[in-house]
$ cat query10.txt   # compact mmCIF, N, CA and C atoms
# COMPACT_ATOMS: atom_id res chain seq x y z
N MET J 106 122.38 142.07 115.69
CA MET J 106 120.97 142.04 115.36
C MET J 106 120.70 141.08 114.21
N LYS J 107 121.54 141.14 113.19
CA LYS J 107 121.35 140.28 112.03
C LYS J 107 121.54 138.82 112.41
N LYS J 108 122.51 138.54 113.28
CA LYS J 108 122.75 137.16 113.70
C LYS J 108 121.57 136.62 114.50
N THR J 109 120.99 137.45 115.35
CA THR J 109 119.84 137.04 116.14
C THR J 109 118.65 136.74 115.23
N LEU J 110 118.42 137.60 114.26
CA LEU J 110 117.33 137.39 113.32
C LEU J 110 117.56 136.13 112.50
N LEU J 111 118.78 135.93 112.05
CA LEU J 111 119.12 134.74 111.28
C LEU J 111 118.92 133.48 112.12
N LEU J 112 119.30 133.52 113.39
CA LEU J 112 119.12 132.39 114.29
C LEU J 112 117.64 132.09 114.48
N LEU J 113 116.82 133.11 114.64
CA LEU J 113 115.38 132.90 114.81
C LEU J 113 114.75 132.29 113.56
N VAL J 114 115.16 132.75 112.40
CA VAL J 114 114.65 132.21 111.15
C VAL J 114 115.08 130.75 110.99
N ALA J 115 116.30 130.43 111.32
CA ALA J 115 116.79 129.06 111.23
C ALA J 115 116.02 128.14 112.18
N CYS J 116 115.79 128.60 113.40
CA CYS J 116 115.03 127.79 114.37
C CYS J 116 113.61 127.56 113.88
N ALA J 117 112.99 128.59 113.34
CA ALA J 117 111.63 128.45 112.83
C ALA J 117 111.58 127.46 111.66
N ALA J 118 112.58 127.52 110.79
CA ALA J 118 112.63 126.60 109.65
C ALA J 118 112.82 125.16 110.12
N LEU J 119 113.69 124.97 111.07
CA LEU J 119 113.92 123.61 111.61
C LEU J 119 112.69 123.10 112.35
N ALA J 120 112.03 123.97 113.08
CA ALA J 120 110.85 123.56 113.83
C ALA J 120 109.73 123.16 112.89
N GLY J 121 109.60 123.83 111.77
CA GLY J 121 108.57 123.48 110.80
C GLY J 121 108.78 122.10 110.23
N CYS J 122 110.00 121.66 110.12
CA CYS J 122 110.31 120.33 109.58
C CYS J 122 110.33 119.26 110.67
N ALA J 123 110.12 119.66 111.91
CA ALA J 123 110.29 118.74 113.02
C ALA J 123 109.02 118.00 113.41
N THR J 124 107.88 118.38 112.85
CA THR J 124 106.65 117.69 113.20
C THR J 124 106.73 116.25 112.73
N LYS J 125 106.42 115.34 113.62
CA LYS J 125 106.48 113.92 113.30
C LYS J 125 105.32 113.55 112.38
N ASN J 126 105.54 112.55 111.53
CA ASN J 126 104.52 112.08 110.61
C ASN J 126 104.37 110.58 110.79
N TYR J 127 103.19 110.14 111.16
CA TYR J 127 102.96 108.72 111.43
C TYR J 127 102.27 108.01 110.28
N GLY J 128 101.75 108.73 109.32
CA GLY J 128 100.97 108.11 108.26
C GLY J 128 99.57 107.84 108.75
N ARG J 129 98.78 107.15 107.97
CA ARG J 129 97.41 106.85 108.35
C ARG J 129 97.04 105.43 107.95
N GLN J 130 96.16 104.85 108.71
CA GLN J 130 95.54 103.58 108.38
C GLN J 130 94.26 103.90 107.63
N GLY J 131 94.06 103.28 106.49
CA GLY J 131 92.87 103.54 105.70
C GLY J 131 91.66 102.80 106.23
N ASP J 132 90.48 103.28 105.83
CA ASP J 132 89.25 102.60 106.19
C ASP J 132 89.20 101.23 105.50
N VAL J 133 88.44 100.33 106.06
CA VAL J 133 88.21 99.04 105.44
C VAL J 133 87.22 99.27 104.30
N THR J 134 87.61 98.90 103.11
CA THR J 134 86.74 99.12 101.95
C THR J 134 85.65 98.07 101.89
N SER J 135 84.63 98.34 101.09
CA SER J 135 83.55 97.37 100.94
C SER J 135 84.07 96.09 100.29
N TYR J 136 85.03 96.22 99.37
CA TYR J 136 85.63 95.05 98.75
C TYR J 136 86.34 94.18 99.79
N GLU J 137 87.09 94.83 100.68
CA GLU J 137 87.77 94.08 101.74
C GLU J 137 86.76 93.38 102.64
N LYS J 138 85.69 94.09 102.99
CA LYS J 138 84.67 93.48 103.85
C LYS J 138 84.08 92.23 103.21
N GLN J 139 83.89 92.26 101.91
CA GLN J 139 83.26 91.13 101.21
C GLN J 139 84.22 89.97 100.99
N THR J 140 85.49 90.26 100.76
CA THR J 140 86.40 89.21 100.32
C THR J 140 87.37 88.69 101.38
N MET J 141 87.56 89.42 102.45
CA MET J 141 88.53 88.99 103.45
C MET J 141 88.04 87.76 104.21
N THR J 142 88.93 86.82 104.39
CA THR J 142 88.63 85.65 105.20
C THR J 142 88.88 85.99 106.67
N CYS J 143 88.45 85.11 107.54
CA CYS J 143 88.68 85.34 108.97
C CYS J 143 90.16 85.46 109.27
N ARG J 144 90.97 84.64 108.64
CA ARG J 144 92.42 84.70 108.85
C ARG J 144 92.98 86.03 108.38
N GLU J 145 92.54 86.51 107.25
CA GLU J 145 93.01 87.80 106.73
C GLU J 145 92.59 88.95 107.65
N ILE J 146 91.41 88.85 108.22
CA ILE J 146 90.96 89.87 109.17
C ILE J 146 91.87 89.88 110.39
N GLU J 147 92.22 88.70 110.88
CA GLU J 147 93.13 88.60 112.02
C GLU J 147 94.50 89.19 111.69
N LEU J 148 94.99 88.90 110.49
CA LEU J 148 96.29 89.45 110.08
C LEU J 148 96.25 90.97 109.99
N GLU J 149 95.18 91.50 109.43
CA GLU J 149 95.05 92.95 109.33
C GLU J 149 94.94 93.59 110.72
N THR J 150 94.25 92.91 111.61
CA THR J 150 94.13 93.40 112.98
C THR J 150 95.51 93.44 113.64
N ALA J 151 96.30 92.41 113.41
CA ALA J 151 97.66 92.37 113.97
C ALA J 151 98.51 93.50 113.39
N LYS J 152 98.35 93.79 112.11
CA LYS J 152 99.10 94.89 111.49
C LYS J 152 98.74 96.22 112.12
N VAL J 153 97.45 96.43 112.38
CA VAL J 153 97.02 97.68 113.00
C VAL J 153 97.58 97.79 114.41
N HIS J 154 97.60 96.69 115.15
CA HIS J 154 98.19 96.71 116.49
C HIS J 154 99.69 97.03 116.42
N GLY J 155 100.37 96.49 115.42
CA GLY J 155 101.79 96.83 115.22
C GLY J 155 101.97 98.30 114.90
N TYR J 156 101.07 98.84 114.11
CA TYR J 156 101.10 100.26 113.77
C TYR J 156 100.91 101.12 115.02
N LEU J 157 99.98 100.71 115.89
CA LEU J 157 99.76 101.44 117.14
C LEU J 157 101.01 101.41 118.03
N GLU J 158 101.70 100.28 118.06
CA GLU J 158 102.95 100.20 118.82
C GLU J 158 104.00 101.13 118.23
N HIS J 159 104.04 101.19 116.90
CA HIS J 159 104.97 102.09 116.21
C HIS J 159 104.70 103.55 116.58
N ILE J 160 103.44 103.92 116.64
CA ILE J 160 103.08 105.30 117.01
C ILE J 160 103.58 105.60 118.42
N GLU J 161 103.34 104.67 119.34
CA GLU J 161 103.78 104.90 120.72
C GLU J 161 105.30 105.03 120.81
N LYS J 162 106.01 104.21 120.05
CA LYS J 162 107.47 104.26 120.07
C LYS J 162 107.97 105.57 119.46
N GLU J 163 107.40 105.96 118.34
CA GLU J 163 107.83 107.18 117.66
C GLU J 163 107.46 108.45 118.43
N SER J 164 106.41 108.37 119.24
CA SER J 164 105.97 109.57 119.95
C SER J 164 106.78 109.85 121.21
N GLN J 165 107.76 109.00 121.49
CA GLN J 165 108.63 109.25 122.63
C GLN J 165 109.40 110.56 122.41
N PHE J 166 109.81 111.17 123.47
CA PHE J 166 110.51 112.44 123.42
C PHE J 166 111.87 112.28 122.75
N ASP J 167 112.15 113.12 121.76
CA ASP J 167 113.44 113.10 121.08
C ASP J 167 113.77 114.51 120.56
N GLY J 168 114.78 114.60 119.73
CA GLY J 168 115.20 115.90 119.21
C GLY J 168 114.13 116.60 118.41
N ARG J 169 113.36 115.84 117.64
CA ARG J 169 112.28 116.46 116.88
C ARG J 169 111.22 117.04 117.80
N SER J 170 111.03 116.43 118.96
CA SER J 170 110.07 116.96 119.92
C SER J 170 110.50 118.33 120.41
N VAL J 171 111.80 118.48 120.66
CA VAL J 171 112.33 119.77 121.12
C VAL J 171 112.14 120.82 120.04
N LEU J 172 112.51 120.50 118.81
CA LEU J 172 112.36 121.47 117.72
C LEU J 172 110.90 121.80 117.47
N SER J 173 110.04 120.82 117.56
CA SER J 173 108.63 121.05 117.36
C SER J 173 108.08 121.96 118.46
N PHE J 174 108.55 121.75 119.68
CA PHE J 174 108.09 122.59 120.78
C PHE J 174 108.50 124.04 120.55
N LEU J 175 109.68 124.24 120.00
CA LEU J 175 110.12 125.61 119.72
C LEU J 175 109.25 126.27 118.66
N GLY J 176 108.74 125.49 117.73
CA GLY J 176 107.95 126.06 116.65
C GLY J 176 106.49 126.27 117.00
N ASP J 177 105.87 125.27 117.63
CA ASP J 177 104.43 125.39 117.89
C ASP J 177 104.02 124.81 119.25
N PHE J 178 104.96 124.77 120.17
CA PHE J 178 104.73 124.26 121.52
C PHE J 178 104.30 122.80 121.53
N GLY J 179 104.67 122.04 120.49
CA GLY J 179 104.37 120.62 120.43
C GLY J 179 102.96 120.29 119.97
N ILE J 180 102.20 121.30 119.61
CA ILE J 180 100.81 121.08 119.21
C ILE J 180 100.74 120.26 117.93
N GLY J 181 101.63 120.51 116.98
CA GLY J 181 101.62 119.77 115.71
C GLY J 181 101.83 118.28 115.93
N ASN J 182 102.77 117.92 116.78
CA ASN J 182 103.03 116.50 117.06
C ASN J 182 101.83 115.86 117.74
N THR J 183 101.20 116.57 118.66
CA THR J 183 100.04 116.04 119.36
C THR J 183 98.88 115.83 118.39
N MET J 184 98.66 116.79 117.52
CA MET J 184 97.58 116.67 116.54
C MET J 184 97.83 115.52 115.58
N GLU J 185 99.08 115.37 115.14
CA GLU J 185 99.44 114.28 114.22
C GLU J 185 99.24 112.93 114.88
N LYS J 186 99.68 112.80 116.13
CA LYS J 186 99.53 111.53 116.85
C LYS J 186 98.06 111.20 117.04
N ASN J 187 97.27 112.18 117.45
CA ASN J 187 95.85 111.94 117.68
C ASN J 187 95.13 111.52 116.40
N ALA J 188 95.47 112.16 115.28
CA ALA J 188 94.84 111.81 114.01
C ALA J 188 95.23 110.39 113.59
N ALA J 189 96.48 110.02 113.80
CA ALA J 189 96.93 108.67 113.46
C ALA J 189 96.25 107.63 114.35
N LEU J 190 96.13 107.91 115.64
CA LEU J 190 95.45 106.99 116.55
C LEU J 190 93.98 106.85 116.20
N GLU J 191 93.35 107.95 115.85
CA GLU J 191 91.93 107.92 115.48
C GLU J 191 91.71 107.04 114.24
N ALA J 192 92.56 107.21 113.23
CA ALA J 192 92.43 106.42 112.01
C ALA J 192 92.66 104.93 112.29
N ALA J 193 93.64 104.61 113.12
CA ALA J 193 93.93 103.21 113.44
C ALA J 193 92.80 102.59 114.25
N ASN J 194 92.28 103.33 115.21
CA ASN J 194 91.18 102.80 116.02
C ASN J 194 89.91 102.60 115.20
N LYS J 195 89.70 103.50 114.24
CA LYS J 195 88.55 103.35 113.34
C LYS J 195 88.70 102.08 112.51
N ARG J 196 89.89 101.83 112.00
CA ARG J 196 90.12 100.61 111.21
C ARG J 196 89.95 99.36 112.07
N LEU J 197 90.43 99.41 113.31
CA LEU J 197 90.23 98.27 114.22
C LEU J 197 88.75 97.98 114.43
N ALA J 198 87.96 99.03 114.62
CA ALA J 198 86.53 98.85 114.83
C ALA J 198 85.87 98.26 113.58
N GLN J 199 86.31 98.72 112.40
CA GLN J 199 85.76 98.19 111.16
C GLN J 199 86.14 96.72 110.97
N LEU J 200 87.37 96.38 111.32
CA LEU J 200 87.80 94.99 111.22
C LEU J 200 87.02 94.10 112.19
N GLN J 201 86.77 94.62 113.38
CA GLN J 201 86.00 93.87 114.37
C GLN J 201 84.57 93.66 113.86
N ALA J 202 83.99 94.68 113.23
CA ALA J 202 82.65 94.55 112.67
C ALA J 202 82.63 93.51 111.55
N ALA J 203 83.66 93.50 110.71
CA ALA J 203 83.74 92.51 109.63
C ALA J 203 83.90 91.12 110.21
N LYS J 204 84.67 91.00 111.27
CA LYS J 204 84.87 89.71 111.93
C LYS J 204 83.54 89.19 112.50
N THR J 205 82.78 90.07 113.09
CA THR J 205 81.48 89.69 113.64
C THR J 205 80.52 89.31 112.52
N ALA J 206 80.53 90.08 111.44
CA ALA J 206 79.61 89.81 110.32
C ALA J 206 79.91 88.47 109.67
N LYS J 207 81.15 88.05 109.68
CA LYS J 207 81.54 86.77 109.07
C LYS J 207 81.49 85.62 110.08
N ASN J 208 81.07 85.93 111.29
CA ASN J 208 80.98 84.91 112.35
C ASN J 208 82.31 84.21 112.60
N CYS J 209 83.37 84.99 112.64
CA CYS J 209 84.69 84.44 112.91
C CYS J 209 84.83 84.16 114.40
N ALA J 210 85.40 83.01 114.72
CA ALA J 210 85.68 82.68 116.11
C ALA J 210 86.92 83.44 116.56
N ALA J 211 87.03 83.69 117.83
CA ALA J 211 88.20 84.40 118.38
C ALA J 211 89.44 83.56 118.19
N GLY J 212 90.52 84.22 117.70
CA GLY J 212 91.80 83.55 117.58
C GLY J 212 91.94 82.65 116.36
N THR J 213 91.03 82.79 115.38
CA THR J 213 91.15 81.95 114.18
C THR J 213 91.64 82.75 113.01
$ encode --input "query10.txt" --output "structure tokens"
Amino acid sequence: MKKTLLLLVACAALAGCATKNYGRQGDVTSYEKQTMTCREIELETAKVHGYLEHIEKESQFDGRSVLSFLGDFGIGNTMEKNAALEAANKRLAQLQAAKTAKNCAAGT
């Protein structure tokens, strides 16, 4: 009985640490909107696209996914991924708006 309880506690502890963390992309600040050049906007856009690729790569099924599923049926990983995608997509939209406001040509 004690071994079973100890095993359950250990699994719960490992599952709590198994939720993936992707970080967040911050909003475009008013200072960035005012000072960024078209080239800098393009570079920031490329960084966000790289971040999105990183999220997709990290969200692939692995050992942490199994442990997370044991702890919360994978809900924590799904919520974390969705929040990271939402923040990145919001930043992309803000960068696109800044690009339009500065009349930047595509690909410059």
$ residues_around --input "query10.txt" --residues "J:Arg129" --least-positions-apart "2" --cutoff "6 Å" --atoms "only N, CA and C atoms" --output "list in words"
Tyr127, Gly131 and Ala189 of chain J
$ closest_residue --input "query10.txt" --among "J:Asn208, J:Asn182, J:Ser164, J:Gln199" --to "J:Thr150" --atoms "only C-alpha atoms"
J:Gln199
$ closest_residue --input "query10.txt" --among "J:Ala193, J:Leu200, J:Ala206, J:Val133" --to "J:Glu147" --atoms "only N, CA and C atoms"
J:Leu200
$ residues_around --input "query10.txt" --residues "J:Lys138" --least-positions-apart "4" --cutoff "8 Å" --atoms "all atoms listed in the file" --output "ChimeraX atom specification"
/J:133-134,142,199,202-204
$ atom_distance --input "query10.txt" --atom1 "atom C of J:Leu148" --atom2 "atom N of J:Thr183"
27.5 Å
$ closest_residue --input "query10.txt" --among "J:Cys143, J:Gln201, J:Tyr136, J:Lys186" --to "J:Ile160" --atoms "only N, CA and C atoms"
J:Lys186
$ residues_around --input "query10.txt" --residues "J:Gly128" --least-positions-apart "3" --cutoff "8 Å" --atoms "only N, CA and C atoms" --output "PyMOL selection string"
chain J and resi 125+131+185+188-190+192
$ atom_distance --input "query10.txt" --atom1 "atom CA of J:Gln139" --atom2 "atom CA of J:Cys209"
13.6 Å
